[in-house]
>>> print(open('protein-v6.tsv').read())   # TSV, C-alpha atoms
chain	number	residue	atom	x	y	z
A	287	MET	CA	-0.69	-21.21	12.39
A	288	THR	CA	-3.63	-23.56	11.90
A	289	ALA	CA	-1.28	-26.44	12.75
A	290	ALA	CA	-1.00	-25.01	16.27
A	291	CYS	CA	-4.74	-24.34	16.40
A	292	PRO	CA	-6.52	-27.08	14.40
A	293	SER	CA	-9.95	-26.29	15.88
A	294	PHE	CA	-10.04	-23.24	13.59
A	295	LEU	CA	-10.74	-25.59	10.68
A	296	GLY	CA	-14.07	-26.45	12.31
A	297	ALA	CA	-15.18	-22.84	12.84
A	298	THR	CA	-17.89	-22.94	10.16
A	299	ALA	CA	-19.44	-19.56	11.01
A	300	LEU	CA	-16.08	-17.87	10.48
A	301	PHE	CA	-15.57	-19.65	7.17
A	302	ASP	CA	-19.01	-18.42	6.09
A	303	TYR	CA	-17.78	-14.90	6.90
A	304	VAL	CA	-14.58	-15.46	4.90
A	305	ALA	CA	-16.60	-16.67	1.91
A	306	TRP	CA	-18.83	-13.58	2.19
A	307	GLN	CA	-15.84	-11.23	2.35
A	308	GLU	CA	-13.61	-12.74	-0.36
A	309	ASP	CA	-14.09	-12.58	-4.10
A	310	GLU	CA	-14.69	-16.02	-5.56
A	311	GLY	CA	-11.44	-17.85	-6.20
A	312	GLN	CA	-9.32	-15.09	-4.62
A	313	ALA	CA	-8.08	-15.83	-1.12
A	314	ASP	CA	-7.47	-12.79	1.07
A	315	THR	CA	-4.76	-13.36	3.65
A	316	TYR	CA	-5.88	-10.63	6.03
A	317	THR	CA	-9.53	-11.62	5.90
A	318	ARG	CA	-8.49	-15.11	6.95
A	319	LEU	CA	-6.14	-13.83	9.62
A	320	GLY	CA	-8.94	-11.68	11.02
A	321	ALA	CA	-11.19	-14.74	11.18
A	322	PHE	CA	-8.37	-16.68	12.85
A	323	ALA	CA	-7.99	-13.93	15.45
A	324	HIS	CA	-11.71	-14.09	16.14
A	325	HIS	CA	-11.42	-17.84	16.69
A	326	LEU	CA	-8.68	-17.18	19.26
A	327	VAL	CA	-11.08	-14.85	21.07
A	328	ASP	CA	-13.76	-17.55	21.00
A	329	LEU	CA	-11.29	-20.04	22.48
A	330	LEU	CA	-10.36	-17.70	25.31
A	331	ALA	CA	-14.03	-16.98	26.00
A	332	ARG	CA	-14.39	-20.74	26.61
A	333	ASN	CA	-11.16	-20.84	28.66
A	334	ASP	CA	-9.74	-23.29	26.12
A	335	THR	CA	-6.12	-22.23	26.46
A	336	ASP	CA	-4.16	-25.24	25.18
A	337	GLU	CA	-4.33	-24.21	21.52
A	338	LEU	CA	-3.96	-20.54	22.43
A	339	ILE	CA	-0.57	-21.19	23.98
A	340	GLY	CA	0.54	-23.00	20.82
A	341	ALA	CA	-0.80	-20.23	18.57
A	342	PHE	CA	1.07	-17.52	20.47
A	343	ARG	CA	4.21	-19.62	20.46
A	344	GLU	CA	3.87	-19.76	16.67
A	345	LEU	CA	3.43	-15.98	16.48
A	346	GLU	CA	6.60	-15.49	18.51
A	347	GLN	CA	8.49	-17.88	16.24
A	348	LEU	CA	7.36	-15.95	13.16
A	349	LEU	CA	8.77	-12.77	14.65
A	350	VAL	CA	12.05	-14.46	15.56
A	351	GLU	CA	12.31	-15.69	11.96
A	352	ARG	CA	11.52	-12.16	10.80
A	353	SER	CA	14.57	-10.89	12.65
A	354	ALA	CA	16.75	-13.57	11.06
A	355	ASP	CA	15.43	-13.28	7.51
A	356	GLY	CA	15.61	-9.81	6.04
A	357	ASP	CA	13.86	-10.77	2.80
A	358	ASP	CA	10.60	-11.76	4.50
A	359	ALA	CA	10.84	-9.44	7.52
A	360	GLY	CA	8.21	-6.95	6.37
A	361	GLU	CA	5.72	-9.62	5.37
A	362	LEU	CA	6.07	-11.60	8.59
A	363	ASP	CA	5.80	-8.44	10.66
A	364	ALA	CA	2.58	-7.44	8.87
A	365	VAL	CA	1.05	-10.90	9.34
A	366	VAL	CA	1.48	-10.67	13.10
A	367	ARG	CA	0.93	-6.93	13.51
A	368	MET	CA	-2.01	-6.21	11.20
A	369	GLY	CA	-3.36	-9.68	10.67
A	370	VAL	CA	-3.54	-10.96	14.24
A	371	ILE	CA	-2.62	-8.41	16.93
A	372	GLU	CA	-4.69	-5.51	15.55
A	373	SER	CA	-7.63	-7.84	15.00
A	374	LEU	CA	-7.43	-9.25	18.54
A	375	GLN	CA	-7.33	-5.80	20.11
A	376	ASN	CA	-10.16	-4.54	17.90
A	377	ILE	CA	-12.41	-7.50	18.65
A	378	CYS	CA	-11.88	-7.31	22.41
A	379	SER	CA	-12.69	-3.59	22.49
A	380	HIS	CA	-16.38	-4.15	21.73
A	381	ASP	CA	-19.16	-4.34	24.30
A	382	ASP	CA	-20.54	-7.62	22.94
A	383	VAL	CA	-17.21	-9.44	23.44
A	384	MET	CA	-16.70	-10.61	27.01
A	385	VAL	CA	-12.94	-11.16	26.79
A	386	ASP	CA	-10.33	-8.86	28.33
A	387	GLU	CA	-7.54	-8.22	25.83
A	388	GLU	CA	-5.03	-8.24	28.69
A	389	ARG	CA	-5.44	-12.01	28.88
A	390	PHE	CA	-3.96	-12.22	25.38
A	391	HIS	CA	-1.19	-9.80	26.31
A	392	LEU	CA	-0.11	-12.21	29.04
A	393	LEU	CA	0.34	-14.96	26.43
A	394	CYS	CA	2.75	-12.87	24.34
A	395	GLY	CA	6.43	-13.69	24.10
A	396	PRO	CA	8.96	-10.81	24.14
A	397	GLU	CA	8.78	-10.03	20.41
A	398	THR	CA	5.00	-10.35	20.27
A	399	ALA	CA	4.56	-8.22	23.40
A	400	GLU	CA	6.62	-5.44	21.83
A	401	ILE	CA	4.37	-5.36	18.79
A	402	TRP	CA	1.26	-5.65	20.97
A	403	ASN	CA	2.29	-2.50	22.87
A	404	GLU	CA	3.18	-0.62	19.69
A	405	VAL	CA	-0.15	-1.41	18.04
A	406	ASP	CA	-2.11	-0.46	21.15
A	407	GLN	CA	-0.29	2.87	21.46
A	408	VAL	CA	-0.75	3.79	17.79
A	409	TRP	CA	-4.49	3.11	17.87
A	410	THR	CA	-4.84	5.00	21.16
A	411	ASP	CA	-3.07	8.00	19.64
A	412	ALA	CA	-5.16	7.75	16.47
A	413	ALA	CA	-8.36	7.88	18.52
A	414	ARG	CA	-7.28	11.26	19.93
A	415	ARG	CA	-6.85	12.81	16.49
A	416	PRO	CA	-9.88	14.61	15.00
A	417	SER	CA	-11.67	12.88	12.14
A	418	PRO	CA	-12.68	14.77	8.96
A	419	VAL	CA	-16.06	13.01	9.07
A	420	PRO	CA	-18.20	11.85	12.01
A	421	ARG	CA	-17.16	8.42	13.21
A	422	PRO	CA	-19.71	5.64	13.65
A	423	THR	CA	-20.51	4.66	17.21
A	424	GLU	CA	-20.54	1.48	19.23
A	425	ALA	CA	-24.30	1.85	19.65
A	426	GLU	CA	-24.74	1.83	15.87
A	427	TYR	CA	-22.54	-1.24	15.59
A	428	LEU	CA	-24.57	-3.07	18.23
A	429	ASP	CA	-27.77	-2.35	16.27
A	430	ILE	CA	-26.51	-4.22	13.18
A	431	ALA	CA	-28.37	-7.49	12.66
A	432	ASP	CA	-26.44	-8.94	9.71
A	433	PRO	CA	-23.88	-11.33	11.27
A	434	ASP	CA	-21.27	-10.91	8.54
A	435	VAL	CA	-21.38	-7.11	8.57
A	436	ARG	CA	-21.21	-7.13	12.34
A	437	LEU	CA	-18.26	-9.52	12.31
A	438	TYR	CA	-16.46	-7.36	9.75
A	439	LEU	CA	-16.88	-4.25	11.92
A	440	ARG	CA	-15.87	-6.15	15.05
A	441	ILE	CA	-12.58	-7.17	13.42
A	442	HIS	CA	-11.77	-3.90	11.63
A	443	ARG	CA	-13.09	-1.21	13.98
A	444	ARG	CA	-12.02	-0.40	17.53
A	445	LYS	CA	-14.17	1.17	20.20
A	446	ALA	CA	-12.55	4.32	21.57
A	447	ASP	CA	-13.07	5.70	25.07
A	448	ASP	CA	-15.72	8.12	23.79
A	449	GLY	CA	-17.79	5.31	22.28
A	450	THR	CA	-16.89	6.04	18.67
A	451	LEU	CA	-15.32	3.49	16.36
A	452	ILE	CA	-11.90	4.11	14.87
A	453	SER	CA	-10.42	2.33	11.87
A	454	ALA	CA	-7.18	1.84	9.98
A	455	SER	CA	-7.97	5.10	8.15
A	456	ASP	CA	-7.59	6.97	11.44
A	457	VAL	CA	-4.25	5.23	12.00
A	458	LEU	CA	-3.11	6.16	8.48
A	459	ARG	CA	-4.02	9.82	9.05
A	460	LEU	CA	-2.01	9.79	12.28
A	461	GLU	CA	1.01	8.21	10.57
A	462	THR	CA	0.81	10.75	7.74
A	463	PHE	CA	0.58	13.61	10.24
A	464	VAL	CA	3.59	12.33	12.20
A	465	ALA	CA	5.60	11.86	8.99
A	466	ASP	CA	4.80	15.42	7.88
A	467	ILE	CA	5.71	16.88	11.26
A	468	THR	CA	8.95	14.90	11.33
A	469	TYR	CA	9.97	15.99	7.85
A	470	THR	CA	9.12	19.66	8.38
A	471	SER	CA	10.96	19.91	11.69
A	472	LYS	CA	14.11	22.03	11.64
A	473	ARG	CA	16.33	19.04	12.32
A	474	ALA	CA	14.80	17.02	9.47
A	475	TYR	CA	14.98	20.03	7.17
A	476	ARG	CA	18.67	20.56	7.93
A	477	LYS	CA	19.31	16.86	7.37
A	478	ALA	CA	17.58	17.04	3.99
A	479	LEU	CA	19.65	20.10	3.03
A	480	VAL	CA	22.92	18.41	3.98
A	481	SER	CA	21.96	15.27	2.04
A	482	SER	CA	21.09	17.37	-1.02
A	483	ALA	CA	24.35	19.32	-0.77
A	484	LEU	CA	26.44	16.16	-0.52
A	485	PHE	CA	24.60	14.61	-3.46
A	486	GLY	CA	25.15	17.77	-5.52
A	487	LEU	CA	28.85	17.81	-4.64
A	488	ALA	CA	29.21	14.18	-5.67
A	489	ILE	CA	27.57	14.91	-9.03
A	490	ALA	CA	29.83	17.92	-9.58
A	491	VAL	CA	32.97	15.89	-8.85
A	492	ALA	CA	31.82	13.11	-11.19
A	493	VAL	CA	31.13	15.58	-14.02
A	494	ALA	CA	34.50	17.28	-13.53
A	495	PHE	CA	36.25	13.90	-13.59
A	496	LEU	CA	34.54	12.96	-16.86
A	497	LEU	CA	35.44	16.30	-18.46
A	498	VAL	CA	39.10	15.99	-17.46
A	499	ASN	CA	39.32	12.44	-18.80
A	500	ARG	CA	37.61	13.41	-22.05
A	501	GLY	CA	39.95	16.38	-22.47
A	502	GLY	CA	42.97	14.11	-21.96
>>> encode(input="protein-v6.tsv", output="structure tokens")
Amino acid sequence: MTAACPSFLGATALFDYVAWQEDEGQADTYTRLGAFAHHLVDLLARNDTDELIGAFRELEQLLVERSADGDDAGELDAVVRMGVIESLQNICSHDDVMVDEERFHLLCGPETAEIWNEVDQVWTDAARRPSPVPRPTEAEYLDIADPDVRLYLRIHRRKADDGTLISASDVLRLETFVADITYTSKRAYRKALVSSALFGLAIAVAVAFLLVNRGG
């Protein structure tokens, strides 16, 4: 994606953040994608849209390739979904970022727009779920002076409507809750019973077949 957005290579402050976040000699893909997303926000804040259009065209192409290549589908989806789209939405949610995320939404192609909407809905739903511990607040985030810590929180936390900050942990709790509810529903339970019965029947037939052949 840097080929479509070469100015990222000159974003020294973001590379300082990447160096702070990564272990020496161990590149972290999602740390770098988060920094890249922040650079896209910086570009839009300056109304520098030429590279943005190219970057979003590249994102759309990655998703098209994902649909055509089953082997890499999950990895390509995660790069766009968690690496770029989540980061963009998180960054734009904060009070110290003067960029409306809807401006990015308008740059999305069909595949990218679908993921954009999915990510936004999941995080919105996660914000409505109770947290087992008090969540940090936007006011606390704004009080942080360390630029790297602040940048980390800007990329990885999202301001909710009540002023608290939600994270991927909140999303994971929501996904776990939904999975549990889905599995324990009557329909899912019946489906599991039928699958188990069919599997048991197949095993019984196989055993009977082996016994008959051995007896012969």
>>> closest_residue(input="protein-v6.tsv", among="A:Glu387, A:Asp328, A:Asp434, A:Glu397", to="Val350 (chain A)", atoms="all atoms listed in the file")
A:Glu397
>>> residues_near_point(input="protein-v6.tsv", point="(-2.5, -5.4, 17.6)", cutoff="9 Å", atoms="all atoms listed in the file", output="PyMOL selection string")
chain A and resi 366-376+401-406+409
>>> closest_residue(input="protein-v6.tsv", among="A:Arg421, A:His324, A:Arg389, A:Arg459", to="Arg440 (chain A)", atoms="only C-alpha atoms")
A:His324
>>> residues_around(input="protein-v6.tsv", residues="Arg414 (chain A)", least_positions_apart="6", cutoff="10 Å", atoms="only C-alpha atoms", output="PDB file with C-alpha atoms, in the frame of the given file")
ATOM      1  CA  ALA A 446     -12.550   4.320  21.570  1.00  0.00           C
ATOM      2  CA  ASP A 447     -13.070   5.700  25.070  1.00  0.00           C
ATOM      3  CA  ASP A 448     -15.720   8.120  23.790  1.00  0.00           C
ATOM      4  CA  ILE A 452     -11.900   4.110  14.870  1.00  0.00           C
ATOM      5  CA  ASP A 456      -7.590   6.970  11.440  1.00  0.00           C
ATOM      6  CA  LEU A 460      -2.010   9.790  12.280  1.00  0.00           C
TER       7      LEU A 460
END
>>> atom_distance(input="protein-v6.tsv", atom1="CA of Asp381 (chain A)", atom2="CA of Thr410 (chain A)")
17.4 Å
>>> residues_near_point(input="protein-v6.tsv", point="(-6.1, -15.3, 26.2)", cutoff="7 Å", atoms="all atoms listed in the file", output="number ranges by chain")
A: 330, 335, 338, 389-390, 393
>>> axis_aligned_box(input="protein-v6.tsv", around="region 396-413 of chain A", padding_each_side="4 Å", output="AutoDock Vina command-line options")
--center_x 0.3 --center_y -1.4 --center_z 20.3 --size_x 25.3 --size_y 26.8 --size_z 15.7
>>> atom_distance(input="protein-v6.tsv", atom1="CA of Ile441 (chain A)", atom2="CA of Gly320 (chain A)")
6.3 Å
>>> closest_residue(input="protein-v6.tsv", among="A:Ala331, A:Ala341, A:Leu451, A:Ile467", to="Leu428 (chain A)", atoms="all atoms listed in the file")
A:Leu451
>>> atom_distance(input="protein-v6.tsv", atom1="CA of Glu461 (chain A)", atom2="CA of Gln407 (chain A)")
12.2 Å
>>> closest_residue(input="protein-v6.tsv", among="A:Ser455, A:Leu437, A:Ala289, A:Thr298", to="Val383 (chain A)", atoms="only C-alpha atoms")
A:Leu437
>>> closest_residue(input="protein-v6.tsv", among="A:Met384, A:Pro422, A:Leu326, A:Arg343", to="Ala297 (chain A)", atoms="only C-alpha atoms")
A:Leu326
>>> closest_residue(input="protein-v6.tsv", among="A:Ala313, A:Leu348, A:Cys291, A:Ala321", to="Asp334 (chain A)", atoms="only C-alpha atoms")
A:Cys291
>>> decode(input="protein-v6.tsv", residues="region 309-351 of chain A", atoms="C-alpha atoms", output="compact mmCIF listing (two decimals), in the first residue's frame")
# COMPACT_ATOMS: atom_id res chain seq x y z
CA ASP A 309 10.45 -5.26 19.72
CA GLU A 310 13.86 -4.76 18.17
CA GLY A 311 14.25 -6.74 14.96
CA GLN A 312 10.62 -7.94 15.02
CA ALA A 313 8.31 -6.12 12.63
CA ASP A 314 4.66 -6.01 13.69
CA THR A 315 2.29 -5.83 10.74
CA TYR A 316 -0.63 -4.36 12.65
CA THR A 317 1.47 -1.73 14.39
CA ARG A 318 2.63 -0.57 10.97
CA LEU A 319 -0.86 -0.70 9.51
CA GLY A 320 -2.12 1.41 12.42
CA ALA A 321 0.59 3.97 11.72
CA PHE A 322 -0.33 3.89 8.03
CA ALA A 323 -3.98 4.53 8.91
CA HIS A 324 -2.92 7.49 11.02
CA HIS A 325 -0.99 8.88 8.06
CA LEU A 326 -4.15 8.63 5.95
CA VAL A 327 -5.96 10.69 8.59
CA ASP A 328 -3.16 13.26 8.49
CA LEU A 329 -3.47 13.47 4.71
CA LEU A 330 -7.21 14.03 4.86
CA ALA A 331 -6.75 16.68 7.55
CA ARG A 332 -4.59 18.54 5.00
CA ASN A 333 -7.11 17.86 2.20
CA ASP A 334 -4.38 15.98 0.34
CA THR A 335 -6.65 13.50 -1.40
CA ASP A 336 -4.60 12.30 -4.38
CA GLU A 337 -2.77 9.59 -2.45
CA LEU A 338 -5.88 8.78 -0.42
CA ILE A 339 -7.77 7.83 -3.56
CA GLY A 340 -4.91 5.53 -4.59
CA ALA A 341 -4.70 3.97 -1.12
CA PHE A 342 -8.42 3.17 -1.03
CA ARG A 343 -8.24 1.79 -4.54
CA GLU A 344 -5.50 -0.53 -3.27
CA LEU A 345 -7.64 -1.59 -0.30
CA GLU A 346 -10.50 -2.44 -2.65
CA GLN A 347 -8.17 -4.46 -4.86
CA LEU A 348 -6.93 -6.45 -1.85
CA LEU A 349 -10.51 -7.38 -1.02
CA VAL A 350 -11.26 -8.37 -4.61
CA GLU A 351 -8.17 -10.59 -4.55
